[in-house]
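Source file entry-v2.pdb; content: PDB, C-alpha atoms and all ligand atoms.
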```
ATOM      1  CA  MET A  24     -11.546  14.509  -9.985
ATOM      2  CA  ARG A  25     -11.695  11.084  -8.405
ATOM      3  CA  GLU A  26     -10.416   8.061 -10.252
ATOM      4  CA  LEU A  27      -8.318   4.960  -9.840
ATOM      5  CA  ILE A  28      -5.410   4.448 -12.190
ATOM      6  CA  VAL A  29      -4.262   0.855 -12.204
ATOM      7  CA  LEU A  30      -0.512   0.722 -12.689
ATOM      8  CA  GLY A  31       0.022  -3.004 -12.231
ATOM      9  CA  THR A  32      -2.019  -6.132 -11.584
ATOM     10  CA  ALA A  33       0.423  -9.008 -11.020
ATOM     11  CA  SER A  34       1.054 -10.858  -7.794
ATOM     12  CA  GLN A  35       4.413 -12.479  -6.972
ATOM     13  CA  VAL A  36       5.912 -12.344 -10.490
ATOM     14  CA  PRO A  37       5.124  -9.929 -13.316
ATOM     15  CA  THR A  38       4.199 -11.242 -16.761
ATOM     16  CA  ARG A  39       4.492  -9.900 -20.296
ATOM     17  CA  THR A  40       1.180  -8.132 -19.854
ATOM     18  CA  ARG A  41       1.053  -7.487 -16.113
ATOM     19  CA  ASN A  42       3.382  -5.307 -14.086
ATOM     20  CA  HIS A  43       3.717  -5.795 -10.354
ATOM     21  CA  ASN A  44       1.135  -3.953  -8.236
ATOM     22  CA  GLY A  45       0.626  -0.207  -8.210
ATOM     23  CA  TYR A  46      -2.552   1.856  -7.827
ATOM     24  CA  LEU A  47      -2.862   5.602  -7.954
ATOM     25  CA  LEU A  48      -6.037   7.043  -6.520
ATOM     26  CA  ARG A  49      -6.713  10.579  -7.637
ATOM     27  CA  TRP A  50      -8.899  12.129  -5.000
ATOM     28  CA  ASP A  51      -9.601  15.823  -5.533
ATOM     29  CA  GLY A  52      -6.206  17.546  -5.207
ATOM     30  CA  GLY A  53      -4.430  14.504  -3.740
ATOM     31  CA  GLY A  54      -2.762  11.483  -5.241
ATOM     32  CA  LEU A  55      -2.542   8.337  -3.136
ATOM     33  CA  LEU A  56      -0.133   5.735  -4.439
ATOM     34  CA  PHE A  57      -0.834   2.282  -3.056
ATOM     35  CA  ASP A  58       1.659  -0.599  -3.067
ATOM     36  CA  PRO A  59       4.219   0.498  -5.651
ATOM     37  CA  GLY A  60       5.792  -2.724  -6.894
ATOM     38  CA  GLU A  61       8.811  -2.951  -9.164
ATOM     39  CA  GLY A  62       8.384  -0.967 -12.365
ATOM     40  CA  THR A  63       5.878   1.505 -10.948
ATOM     41  CA  GLN A  64       7.863   4.546 -12.094
ATOM     42  CA  ARG A  65       7.700   3.414 -15.727
ATOM     43  CA  GLN A  66       4.049   2.387 -15.477
ATOM     44  CA  MET A  67       3.320   5.932 -14.322
ATOM     45  CA  ILE A  68       4.868   7.208 -17.538
ATOM     46  CA  HIS A  69       2.694   4.840 -19.589
ATOM     47  CA  ALA A  70      -0.340   6.060 -17.618
ATOM     48  CA  GLY A  71       0.570   9.724 -18.048
ATOM     49  CA  VAL A  72       0.833  10.243 -14.301
ATOM     50  CA  ALA A  73       3.359  12.771 -13.017
ATOM     51  CA  ALA A  74       5.375  11.844  -9.925
ATOM     52  CA  SER A  75       4.468  15.271  -8.577
ATOM     53  CA  SER A  76       0.816  14.217  -8.351
ATOM     54  CA  ILE A  77       1.633  11.837  -5.490
ATOM     55  CA  THR A  78       0.886  13.269  -2.066
ATOM     56  CA  ARG A  79       0.704  10.067  -0.034
ATOM     57  CA  ILE A  80       2.131   6.569  -0.402
ATOM     58  CA  CYS A  81       0.407   3.673   1.341
ATOM     59  CA  LEU A  82       1.933   0.221   1.708
ATOM     60  CA  THR A  83      -0.258  -2.689   2.762
ATOM     61  CA  HIS A  84       2.774  -4.839   3.633
ATOM     62  CA  VAL A  85       6.435  -5.160   2.752
ATOM     63  CA  HIS A  86       6.426  -8.122   0.383
ATOM     64  CA  GLY A  87       8.424  -7.126  -2.681
ATOM     65  CA  ASP A  88       5.545  -7.074  -5.148
ATOM     66  CA  HIS A  89       4.014  -4.285  -3.029
ATOM     67  CA  CYS A  90       7.014  -2.074  -2.287
ATOM     68  CA  PHE A  91      10.099  -2.719  -4.438
ATOM     69  CA  GLY A  92       9.067   0.175  -6.666
ATOM     70  CA  LEU A  93       9.351   2.630  -3.808
ATOM     71  CA  PRO A  94      12.992   3.737  -4.293
ATOM     72  CA  GLY A  95      12.415   4.443  -7.984
ATOM     73  CA  VAL A  96       9.291   6.473  -7.346
ATOM     74  CA  LEU A  97      10.922   8.474  -4.535
ATOM     75  CA  ALA A  98      14.055   9.128  -6.578
ATOM     76  CA  ARG A  99      11.909  10.289  -9.466
ATOM     77  CA  MET A 100      10.019  12.663  -7.197
ATOM     78  CA  ALA A 101      13.342  14.142  -6.121
ATOM     79  CA  VAL A 102      14.474  14.520  -9.743
ATOM     80  CA  ASP A 103      11.211  16.279 -10.525
ATOM     81  CA  GLY A 104      11.738  18.663  -7.625
ATOM     82  CA  VAL A 105       8.593  17.732  -5.707
ATOM     83  CA  ALA A 106       8.383  20.290  -2.910
ATOM     84  CA  HIS A 107       5.200  19.281  -1.091
ATOM     85  CA  PRO A 108       5.361  16.898   1.874
ATOM     86  CA  VAL A 109       4.767  13.243   1.055
ATOM     87  CA  HIS A 110       3.476  10.917   3.755
ATOM     88  CA  LEU A 111       4.481   7.276   3.657
ATOM     89  CA  HIS A 112       2.202   4.859   5.527
ATOM     90  CA  TYR A 113       3.199   1.278   6.314
ATOM     91  CA  PRO A 114       2.877  -1.413   8.988
ATOM     92  CA  ALA A 115       5.286  -0.690  11.810
ATOM     93  CA  SER A 116       6.836  -4.165  11.638
ATOM     94  CA  GLY A 117       8.026  -3.321   8.116
ATOM     95  CA  GLU A 118      10.193  -0.475   9.441
ATOM     96  CA  GLU A 119      13.522  -2.090   8.545
ATOM     97  CA  VAL A 120      12.512  -2.861   4.953
ATOM     98  CA  VAL A 121      10.948   0.572   4.490
ATOM     99  CA  ARG A 122      14.030   2.353   5.845
ATOM    100  CA  ALA A 123      16.242   0.321   3.503
ATOM    101  CA  LEU A 124      14.081   1.175   0.481
ATOM    102  CA  VAL A 125      13.873   4.852   1.442
ATOM    103  CA  GLY A 126      17.642   4.862   2.026
ATOM    104  CA  LEU A 127      18.246   3.576  -1.502
ATOM    105  CA  ALA A 128      16.271   6.473  -2.924
ATOM    106  CA  GLY A 129      18.428   8.991  -1.090
ATOM    107  CA  PRO A 130      17.252  12.362   0.183
ATOM    108  CA  GLY A 131      15.646  15.095  -1.887
ATOM    109  CA  ILE A 132      11.985  15.205  -0.937
ATOM    110  CA  ASP A 133      10.082  16.045   2.218
ATOM    111  CA  LEU A 134       9.170  12.444   3.066
ATOM    112  CA  ARG A 135       7.368  11.803   6.344
ATOM    113  CA  LEU A 136       7.268   8.265   7.695
ATOM    114  CA  VAL A 137       3.971   7.343   9.323
ATOM    115  CA  PRO A 138       4.031   3.741  10.565
ATOM    116  CA  HIS A 139       0.903   2.185  12.030
ATOM    117  CA  GLY A 140       0.553  -0.792  14.321
ATOM    118  CA  ALA A 141      -3.173  -0.911  14.992
ATOM    119  CA  ALA A 142      -6.488  -0.250  13.316
ATOM    120  CA  GLY A 143      -7.608   3.359  13.161
ATOM    121  CA  GLU A 144      -7.301   6.673  11.395
ATOM    122  CA  VAL A 145      -3.839   7.425  10.003
ATOM    123  CA  ALA A 146      -4.723  10.680   8.244
ATOM    124  CA  ASP A 147      -7.820  12.767   7.662
ATOM    125  CA  GLY A 148     -10.475  10.324   6.425
ATOM    126  CA  LEU A 149      -7.903   7.584   5.836
ATOM    127  CA  THR A 150      -8.196   4.524   8.057
ATOM    128  CA  VAL A 151      -6.448   1.184   8.213
ATOM    129  CA  ALA A 152      -7.610  -2.230   9.386
ATOM    130  CA  PRO A 153      -5.552  -5.378   9.858
ATOM    131  CA  LEU A 154      -5.707  -8.107   7.237
ATOM    132  CA  ASP A 155      -4.708 -11.746   7.550
ATOM    133  CA  HIS A 156      -1.579 -12.507   5.532
ATOM    134  CA  ARG A 157       1.793 -14.140   6.175
ATOM    135  CA  VAL A 158       3.321 -10.875   7.403
ATOM    136  CA  GLU A 159       1.674  -7.903   9.118
ATOM    137  CA  THR A 160      -0.682  -6.387   6.546
ATOM    138  CA  TYR A 161      -3.206  -3.551   6.644
ATOM    139  CA  GLY A 162      -5.827  -2.530   4.143
ATOM    140  CA  TYR A 163      -6.882   1.075   3.618
ATOM    141  CA  ARG A 164     -10.153   2.932   3.452
ATOM    142  CA  LEU A 165     -10.736   6.530   2.434
ATOM    143  CA  THR A 166     -13.998   8.071   3.572
ATOM    144  CA  GLU A 167     -15.408  11.423   2.608
ATOM    145  CA  PRO A 168     -17.598  12.888   5.366
ATOM    146  CA  ASP A 169     -21.318  12.824   4.656
ATOM    147  CA  GLY A 170     -22.640  16.177   3.546
ATOM    148  CA  ARG A 171     -25.741  17.785   2.081
ATOM    149  CA  THR A 172     -26.584  18.888  -1.438
ATOM    150  CA  LEU A 173     -28.569  22.090  -1.831
ATOM    151  CA  VAL A 174     -31.731  21.908  -3.926
ATOM    152  CA  PRO A 175     -32.007  25.092  -6.034
ATOM    153  CA  GLU A 176     -35.832  24.987  -6.203
ATOM    154  CA  ARG A 177     -36.092  24.786  -2.415
ATOM    155  CA  LEU A 178     -33.592  27.619  -1.991
ATOM    156  CA  ALA A 179     -35.632  29.757  -4.388
ATOM    157  CA  ALA A 180     -38.866  28.860  -2.591
ATOM    158  CA  ALA A 181     -37.267  29.885   0.705
ATOM    159  CA  GLY A 182     -36.154  33.145  -0.881
ATOM    160  CA  LEU A 183     -32.474  32.516  -0.311
ATOM    161  CA  SER A 184     -29.751  33.505  -2.757
ATOM    162  CA  GLY A 185     -26.224  34.907  -2.910
ATOM    163  CA  PRO A 186     -24.286  35.312   0.360
ATOM    164  CA  ALA A 187     -27.216  33.982   2.402
ATOM    165  CA  VAL A 188     -26.622  30.559   0.866
ATOM    166  CA  GLY A 189     -23.005  30.554   2.022
ATOM    167  CA  ARG A 190     -24.135  31.556   5.492
ATOM    168  CA  LEU A 191     -26.707  28.781   5.518
ATOM    169  CA  GLN A 192     -24.008  26.237   4.678
ATOM    170  CA  ARG A 193     -21.666  27.577   7.340
ATOM    171  CA  GLU A 194     -24.165  28.144  10.108
ATOM    172  CA  GLY A 195     -26.862  25.603   9.302
ATOM    173  CA  ARG A 196     -29.621  28.184   9.571
ATOM    174  CA  VAL A 197     -30.628  31.584   8.173
ATOM    175  CA  GLY A 198     -33.664  33.101   9.855
ATOM    176  CA  ALA A 199     -36.340  30.420   9.919
ATOM    177  CA  VAL A 200     -34.733  28.368   7.150
ATOM    178  CA  ARG A 201     -32.694  25.368   8.233
ATOM    179  CA  LEU A 202     -30.118  23.742   5.971
ATOM    180  CA  GLU A 203     -32.005  20.438   6.081
ATOM    181  CA  ASP A 204     -35.140  22.168   4.742
ATOM    182  CA  VAL A 205     -33.460  23.108   1.476
ATOM    183  CA  SER A 206     -31.041  20.243   0.932
ATOM    184  CA  VAL A 207     -30.836  16.462   0.706
ATOM    185  CA  PRO A 208     -28.279  14.135   2.314
ATOM    186  CA  ARG A 209     -25.151  13.508   0.277
ATOM    187  CA  PRO A 210     -23.409  10.341   1.444
ATOM    188  CA  GLY A 211     -19.622  10.682   1.423
ATOM    189  CA  GLN A 212     -17.813   8.593  -1.155
ATOM    190  CA  ARG A 213     -15.848   5.610   0.066
ATOM    191  CA  PHE A 214     -12.853   3.878  -1.409
ATOM    192  CA  ALA A 215     -11.307   0.690  -0.039
ATOM    193  CA  LEU A 216      -8.216  -1.317  -0.886
ATOM    194  CA  VAL A 217      -7.986  -4.889   0.360
ATOM    195  CA  MET A 218      -4.719  -6.525  -0.581
ATOM    196  CA  ASP A 219      -3.068  -9.793   0.314
ATOM    197  CA  THR A 220      -5.308 -11.503   2.818
ATOM    198  CA  ALA A 221      -7.351 -14.521   3.678
ATOM    199  CA  PRO A 222     -11.006 -13.707   4.366
ATOM    200  CA  CYS A 223     -11.039 -11.816   7.687
ATOM    201  CA  PRO A 224     -13.034  -9.253   9.694
ATOM    202  CA  GLY A 225     -10.666  -6.414   8.736
ATOM    203  CA  ALA A 226     -11.447  -6.942   5.056
ATOM    204  CA  GLU A 227     -15.187  -6.783   5.788
ATOM    205  CA  GLU A 228     -14.773  -3.595   7.787
ATOM    206  CA  LEU A 229     -12.781  -1.879   5.051
ATOM    207  CA  ALA A 230     -15.126  -2.942   2.268
ATOM    208  CA  ALA A 231     -18.413  -2.025   3.977
ATOM    209  CA  GLY A 232     -20.446   0.256   1.736
ATOM    210  CA  ALA A 233     -17.492   1.060  -0.538
ATOM    211  CA  ASP A 234     -18.292   2.894  -3.734
ATOM    212  CA  LEU A 235     -15.084   1.521  -5.180
ATOM    213  CA  LEU A 236     -13.470  -1.582  -3.727
ATOM    214  CA  VAL A 237     -10.116  -2.813  -4.992
ATOM    215  CA  ALA A 238      -9.563  -6.381  -3.875
ATOM    216  CA  GLU A 239      -6.868  -8.901  -4.443
ATOM    217  CA  CYS A 240      -7.931 -11.957  -6.357
ATOM    218  CA  THR A 241      -4.816 -14.065  -6.582
ATOM    219  CA  PHE A 242      -6.477 -17.399  -7.288
ATOM    220  CA  ALA A 243      -9.449 -18.871  -9.116
ATOM    221  CA  ASP A 244     -11.993 -20.825  -7.097
ATOM    222  CA  GLU A 245     -10.595 -24.161  -8.276
ATOM    223  CA  ASP A 246      -7.282 -23.246  -6.623
ATOM    224  CA  ALA A 247      -8.838 -22.501  -3.234
ATOM    225  CA  ASP A 248      -6.308 -24.806  -1.546
ATOM    226  CA  LEU A 249      -3.459 -22.558  -2.754
ATOM    227  CA  ALA A 250      -5.336 -19.458  -1.650
ATOM    228  CA  ALA A 251      -5.761 -20.932   1.824
ATOM    229  CA  ALA A 252      -2.122 -22.069   2.021
ATOM    230  CA  TYR A 253      -0.720 -18.661   1.051
ATOM    231  CA  ARG A 254      -3.423 -16.574   2.727
ATOM    232  CA  HIS A 255      -4.981 -15.013  -0.328
ATOM    233  CA  LEU A 256      -8.496 -14.532  -1.666
ATOM    234  CA  THR A 257     -10.061 -16.583  -4.405
ATOM    235  CA  ALA A 258     -12.149 -14.846  -7.039
ATOM    236  CA  GLY A 259     -15.320 -16.105  -5.385
ATOM    237  CA  GLN A 260     -14.189 -14.876  -1.974
ATOM    238  CA  ALA A 261     -13.400 -11.423  -3.393
ATOM    239  CA  GLY A 262     -16.837 -11.349  -5.005
ATOM    240  CA  ALA A 263     -18.549 -12.460  -1.802
ATOM    241  CA  LEU A 264     -16.695  -9.749   0.127
ATOM    242  CA  ALA A 265     -18.067  -7.121  -2.259
ATOM    243  CA  GLY A 266     -21.535  -8.661  -2.084
ATOM    244  CA  ARG A 267     -21.716  -8.666   1.725
ATOM    245  CA  ALA A 268     -20.327  -5.129   1.783
ATOM    246  CA  ALA A 269     -22.894  -3.904  -0.766
ATOM    247  CA  ALA A 270     -19.941  -2.414  -2.627
ATOM    248  CA  ARG A 271     -20.869  -0.695  -5.866
ATOM    249  CA  THR A 272     -17.832  -1.416  -7.996
ATOM    250  CA  LEU A 273     -15.342  -4.213  -7.399
ATOM    251  CA  VAL A 274     -11.969  -4.042  -9.108
ATOM    252  CA  LEU A 275     -10.164  -7.378  -9.051
ATOM    253  CA  THR A 276      -6.382  -7.395  -9.247
ATOM    254  CA  HIS A 277      -3.175  -9.064  -7.988
ATOM    255  CA  PHE A 278      -3.574 -12.070 -10.247
ATOM    256  CA  SER A 279      -1.359 -15.120 -10.179
ATOM    257  CA  ALA A 280       0.688 -15.516 -13.359
ATOM    258  CA  ARG A 281      -0.999 -18.899 -13.862
ATOM    259  CA  TYR A 282      -4.069 -17.149 -15.357
ATOM    260  CA  PRO A 283      -3.169 -15.423 -18.641
ATOM    261  CA  ASP A 284      -6.905 -14.841 -19.093
ATOM    262  CA  THR A 285      -8.847 -13.602 -16.066
ATOM    263  CA  THR A 286     -12.306 -13.760 -17.638
ATOM    264  CA  HIS A 287     -13.356 -16.764 -15.569
ATOM    265  CA  LEU A 288     -12.058 -15.162 -12.364
ATOM    266  CA  ALA A 289     -14.297 -12.182 -13.029
ATOM    267  CA  ALA A 290     -17.228 -14.547 -13.636
ATOM    268  CA  GLN A 291     -16.553 -16.405 -10.380
ATOM    269  CA  ALA A 292     -16.447 -13.107  -8.470
ATOM    270  CA  ARG A 293     -19.520 -11.752 -10.234
ATOM    271  CA  ALA A 294     -21.548 -14.811  -9.268
ATOM    272  CA  ARG A 295     -21.211 -13.855  -5.589
ATOM    273  CA  ALA A 296     -20.876 -10.067  -5.773
ATOM    274  CA  GLY A 297     -24.539  -9.123  -5.451
ATOM    275  CA  ARG A 298     -25.204  -5.888  -7.279
ATOM    276  CA  ALA A 299     -21.580  -4.793  -7.516
ATOM    277  CA  ARG A 300     -20.158  -4.077 -10.938
ATOM    278  CA  VAL A 301     -17.135  -6.370 -11.262
ATOM    279  CA  LEU A 302     -14.047  -5.564 -13.307
ATOM    280  CA  ALA A 303     -10.954  -7.694 -13.715
ATOM    281  CA  ALA A 304      -8.319  -4.992 -13.923
ATOM    282  CA  ALA A 305      -5.711  -4.778 -16.646
ATOM    283  CA  ASP A 306      -2.601  -2.641 -16.376
ATOM    284  CA  LEU A 307      -3.252   1.035 -17.123
ATOM    285  CA  ASP A 308      -7.021   0.738 -16.658
ATOM    286  CA  ARG A 309      -8.687   3.877 -15.336
ATOM    287  CA  VAL A 310     -11.766   3.465 -13.193
ATOM    288  CA  ALA A 311     -13.821   6.491 -12.227
ATOM    289  CA  LEU A 312     -15.450   6.589  -8.812
ATOM    290  CA  PRO A 313     -19.070   5.625  -9.463
ATOM    291  CA  ARG A 314     -21.532   8.493  -9.420
ATOM    292  CA  ARG A 315     -22.733   9.312  -5.950
ATOM    293  CA  ARG A 316     -25.498   7.235  -4.493
ATOM    294  CA  ASP A 317     -28.877   8.613  -5.435
ATOM    295  CA  THR A 318     -29.506  11.919  -3.679
ATOM    296  CA  ALA A 319     -32.279  13.250  -5.905
ATOM    297  CA  PRO A 320     -34.876  15.183  -3.897
ATOM    298  CA  ARG A 321     -38.217  13.455  -3.529
ATOM    299  CA  GLY A 322     -41.447  15.357  -3.055
TER     300      GLY A 322
HETATM  301 ZN    ZN A 401       1.280  -9.647  -3.131
END
```
Have the structure of the file written as structure tokens, please.
Amino acid sequence: MRELIVLGTASQVPTRTRNHNGYLLRWDGGGLLFDPGEGTQRQMIHAGVAASSITRICLTHVHGDHCFGLPGVLARMAVDGVAHPVHLHYPASGEEVVRALVGLAGPGIDLRLVPHGAAGEVADGLTVAPLDHRVETYGYRLTEPDGRTLVPERLAAAGLSGPAVGRLQREGRVGAVRLEDVSVPRPGQRFALVMDTAPCPGAEELAAGADLLVAECTFADEDADLAAAYRHLTAGQAGALAGRAAARTLVLTHFSARYPDTTHLAAQARARAGRARVLAAADLDRVALPRRRDTAPRG
């Protein structure tokens, strides 16, 4: 099961309809919680998400709208008796703030602090790249390794069935039959989260080829001067990022409270997003990972 559960969509200040940030990515058995702002614990209840489903918490930066929900979430995990290890990723320069927030929550879970100070892999398949904001900020990218999908007709034609198929997958070859003869490439799925940033190379790197791209979209195009001053993306810039990246689905979020209606922000993003499907997120939206890129056998 792979889906994004949007827990909050407000930047800076929440509104009557928008909680501060919070994004839970369900990825097979794992649950990655990104940027838990204030109120995240309660939003999880509204979304029907158990605290025990969180296996990893990833902070892009330590501005309050992205991390003030951390103590509540951690305390709740302790109350619920979460026994599995939970890794907490954050920019190293945010150490003091993170330690304070973790300290407020008190002990009770197996929390492992994993600060990062440079681009690279921070866990299996999970990479970070620097963004351009007013404090040290990193975006995240989760990449499934490319694989191959077996084609039943080709297996049958090759006379392979049962345990031989398992052996073929493990060893790449059974007798004269090679795995590539009876399968087609299956591109790994890619998820990217680009929060608080001006347009920058790190954002491009994270977004490249994403099946699902979550991008901040604090300002409308007509407020580009504010976006530049505070180092945020406009709707058009978020759309253009998705377009250049050939992203398949773009989820816009982190809206300024000045836009009670985000319809025109979605339109501005869509105009520059190429073939990406563009959604302006609302709190508690659920977005499934798009179906895999076409891997149907040909010929
Ligand atoms: Zn923010």
Measuring atom to atom with only C-alpha atoms, identify which of A:Leu165, A:Ala303, A:Val102, A:Val200 is nearest to Arg177 in chain A.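 Checking each candidate against Arg177 in chain A, we get A:Val200 as the closest.
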Residues matched by the PyMOL selection byres (((chain A and resi 61-76) around 6) and not hetatm) as a VMD selection string: chain A and resid 30 43 54 59 to 60 77 91 to 92 96 100 105 307
Only C-alpha atoms, please: the residues just picked out, written as a compact mmCIF listing (two decimals), in the frame of the given file.
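Output file result19.txt is given in full below:
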```txt
# COMPACT_ATOMS: atom_id res chain seq x y z
CA LEU A 30 -0.51 0.72 -12.69
CA HIS A 43 3.72 -5.80 -10.35
CA GLY A 54 -2.76 11.48 -5.24
CA PRO A 59 4.22 0.50 -5.65
CA GLY A 60 5.79 -2.72 -6.89
CA ILE A 77 1.63 11.84 -5.49
CA PHE A 91 10.10 -2.72 -4.44
CA GLY A 92 9.07 0.18 -6.67
CA VAL A 96 9.29 6.47 -7.35
CA MET A 100 10.02 12.66 -7.20
CA VAL A 105 8.59 17.73 -5.71
CA LEU A 307 -3.25 1.03 -17.12
```
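For the residues A:Ala106, A:Val174, A:Leu48, A:Leu111, ranking by smallest atom-to-atom distance to Leu93 in chain A using all atoms listed in the file places A:Leu111 first.
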For Gly170 in chain A, which residue out of A:Ala142, A:Ala187, A:Val29, A:Val207 is the nearest one, using only C-alpha atoms? A:Val207
Quick check, in Å to one decimal: how far apart do CA of Gly195 in chain A and CA of Leu173 in chain A lie?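 These two atoms are separated by 11.8 Å.
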Shell of 12 Å around ligand ZN 401 (chain A) (all atoms listed in the file), written as a PDB file with C-alpha atoms, in the frame of the given file:
```
ATOM      1  CA  GLY A  31       0.022  -3.004 -12.231  1.00  0.00           C
ATOM      2  CA  THR A  32      -2.019  -6.132 -11.584  1.00  0.00           C
ATOM      3  CA  ALA A  33       0.423  -9.008 -11.020  1.00  0.00           C
ATOM      4  CA  SER A  34       1.054 -10.858  -7.794  1.00  0.00           C
ATOM      5  CA  GLN A  35       4.413 -12.479  -6.972  1.00  0.00           C
ATOM      6  CA  VAL A  36       5.912 -12.344 -10.490  1.00  0.00           C
ATOM      7  CA  PRO A  37       5.124  -9.929 -13.316  1.00  0.00           C
ATOM      8  CA  ASN A  42       3.382  -5.307 -14.086  1.00  0.00           C
ATOM      9  CA  HIS A  43       3.717  -5.795 -10.354  1.00  0.00           C
ATOM     10  CA  ASN A  44       1.135  -3.953  -8.236  1.00  0.00           C
ATOM     11  CA  GLY A  45       0.626  -0.207  -8.210  1.00  0.00           C
ATOM     12  CA  ASP A  58       1.659  -0.599  -3.067  1.00  0.00           C
ATOM     13  CA  PRO A  59       4.219   0.498  -5.651  1.00  0.00           C
ATOM     14  CA  GLY A  60       5.792  -2.724  -6.894  1.00  0.00           C
ATOM     15  CA  GLU A  61       8.811  -2.951  -9.164  1.00  0.00           C
ATOM     16  CA  LEU A  82       1.933   0.221   1.708  1.00  0.00           C
ATOM     17  CA  THR A  83      -0.258  -2.689   2.762  1.00  0.00           C
ATOM     18  CA  HIS A  84       2.774  -4.839   3.633  1.00  0.00           C
ATOM     19  CA  VAL A  85       6.435  -5.160   2.752  1.00  0.00           C
ATOM     20  CA  HIS A  86       6.426  -8.122   0.383  1.00  0.00           C
ATOM     21  CA  GLY A  87       8.424  -7.126  -2.681  1.00  0.00           C
ATOM     22  CA  ASP A  88       5.545  -7.074  -5.148  1.00  0.00           C
ATOM     23  CA  HIS A  89       4.014  -4.285  -3.029  1.00  0.00           C
ATOM     24  CA  CYS A  90       7.014  -2.074  -2.287  1.00  0.00           C
ATOM     25  CA  PHE A  91      10.099  -2.719  -4.438  1.00  0.00           C
ATOM     26  CA  HIS A 156      -1.579 -12.507   5.532  1.00  0.00           C
ATOM     27  CA  ARG A 157       1.793 -14.140   6.175  1.00  0.00           C
ATOM     28  CA  VAL A 158       3.321 -10.875   7.403  1.00  0.00           C
ATOM     29  CA  THR A 160      -0.682  -6.387   6.546  1.00  0.00           C
ATOM     30  CA  VAL A 217      -7.986  -4.889   0.360  1.00  0.00           C
ATOM     31  CA  MET A 218      -4.719  -6.525  -0.581  1.00  0.00           C
ATOM     32  CA  ASP A 219      -3.068  -9.793   0.314  1.00  0.00           C
ATOM     33  CA  THR A 220      -5.308 -11.503   2.818  1.00  0.00           C
ATOM     34  CA  ALA A 238      -9.563  -6.381  -3.875  1.00  0.00           C
ATOM     35  CA  GLU A 239      -6.868  -8.901  -4.443  1.00  0.00           C
ATOM     36  CA  CYS A 240      -7.931 -11.957  -6.357  1.00  0.00           C
ATOM     37  CA  THR A 241      -4.816 -14.065  -6.582  1.00  0.00           C
ATOM     38  CA  PHE A 242      -6.477 -17.399  -7.288  1.00  0.00           C
ATOM     39  CA  ALA A 250      -5.336 -19.458  -1.650  1.00  0.00           C
ATOM     40  CA  TYR A 253      -0.720 -18.661   1.051  1.00  0.00           C
ATOM     41  CA  ARG A 254      -3.423 -16.574   2.727  1.00  0.00           C
ATOM     42  CA  HIS A 255      -4.981 -15.013  -0.328  1.00  0.00           C
ATOM     43  CA  LEU A 256      -8.496 -14.532  -1.666  1.00  0.00           C
ATOM     44  CA  THR A 276      -6.382  -7.395  -9.247  1.00  0.00           C
ATOM     45  CA  HIS A 277      -3.175  -9.064  -7.988  1.00  0.00           C
ATOM     46  CA  PHE A 278      -3.574 -12.070 -10.247  1.00  0.00           C
ATOM     47  CA  SER A 279      -1.359 -15.120 -10.179  1.00  0.00           C
ATOM     48  CA  ALA A 280       0.688 -15.516 -13.359  1.00  0.00           C
TER      49      ALA A 280
END
```
Expansion of the PyMOL selection byres (((chain A and resi 179-182) around 12) and not hetatm) into residues, as an NGL selection string: :A and (173-178 or 183-185 or 187-188 or 191 or 196-202 or 204-206)
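Distance-wise, CA of Glu26 in chain A and CA of Val310 in chain A end up 5.6 Å apart.
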For the structure shown, which residues end up in the PyMOL selection byres (((chain A and resi 118) around 12) and not hetatm)? Put them as an mmCIF file with C-alpha atoms, in the frame of the given file, please?
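To be explicit, this is the file written out as expr-v4.cif:
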```
data_model
loop_
_atom_site.group_PDB
_atom_site.id
_atom_site.type_symbol
_atom_site.label_atom_id
_atom_site.label_comp_id
_atom_site.auth_asym_id
_atom_site.auth_seq_id
_atom_site.Cartn_x
_atom_site.Cartn_y
_atom_site.Cartn_z
ATOM 1 C CA LEU A 82 1.933 0.221 1.708
ATOM 2 C CA HIS A 84 2.774 -4.839 3.633
ATOM 3 C CA VAL A 85 6.435 -5.160 2.752
ATOM 4 C CA LEU A 111 4.481 7.276 3.657
ATOM 5 C CA HIS A 112 2.202 4.859 5.527
ATOM 6 C CA TYR A 113 3.199 1.278 6.314
ATOM 7 C CA PRO A 114 2.877 -1.413 8.988
ATOM 8 C CA ALA A 115 5.286 -0.690 11.810
ATOM 9 C CA SER A 116 6.836 -4.165 11.638
ATOM 10 C CA GLY A 117 8.026 -3.321 8.116
ATOM 11 C CA GLU A 119 13.522 -2.090 8.545
ATOM 12 C CA VAL A 120 12.512 -2.861 4.953
ATOM 13 C CA VAL A 121 10.948 0.572 4.490
ATOM 14 C CA ARG A 122 14.030 2.353 5.845
ATOM 15 C CA ALA A 123 16.242 0.321 3.503
ATOM 16 C CA LEU A 124 14.081 1.175 0.481
ATOM 17 C CA VAL A 125 13.873 4.852 1.442
ATOM 18 C CA GLY A 126 17.642 4.862 2.026
ATOM 19 C CA LEU A 136 7.268 8.265 7.695
ATOM 20 C CA VAL A 137 3.971 7.343 9.323
ATOM 21 C CA PRO A 138 4.031 3.741 10.565
ATOM 22 C CA HIS A 139 0.903 2.185 12.030
ATOM 23 C CA GLY A 140 0.553 -0.792 14.321
ATOM 24 C CA GLU A 159 1.674 -7.903 9.118
#
```
Excluding same-chain residues fewer than 3 positions from Ala261 in chain A, what lies within 9 Å of it counting all atoms listed in the file, as a VMD selection string? chain A and resid 222 238 to 240 256 to 258 264 to 266 273 275 292 295 to 296
Set the distance at 8 Å and use all atoms listed in the file: which residues neighbour Ala98 in chain A once local chain neighbours fewer than 5 positions away are removed? I'd like the list as a PyMOL selection string. chain A and resi 128-129+131
Please produce an output containing C-alpha atoms for each residue in the selection, written as a PDB file, keeping the file's coordinate frame.
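What follows is the written file result_7.pdb:
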```pdb
ATOM      1  CA  ALA A 128      16.271   6.473  -2.924  1.00  0.00           C
ATOM      2  CA  GLY A 129      18.428   8.991  -1.090  1.00  0.00           C
ATOM      3  CA  GLY A 131      15.646  15.095  -1.887  1.00  0.00           C
TER       4      GLY A 131
END
```
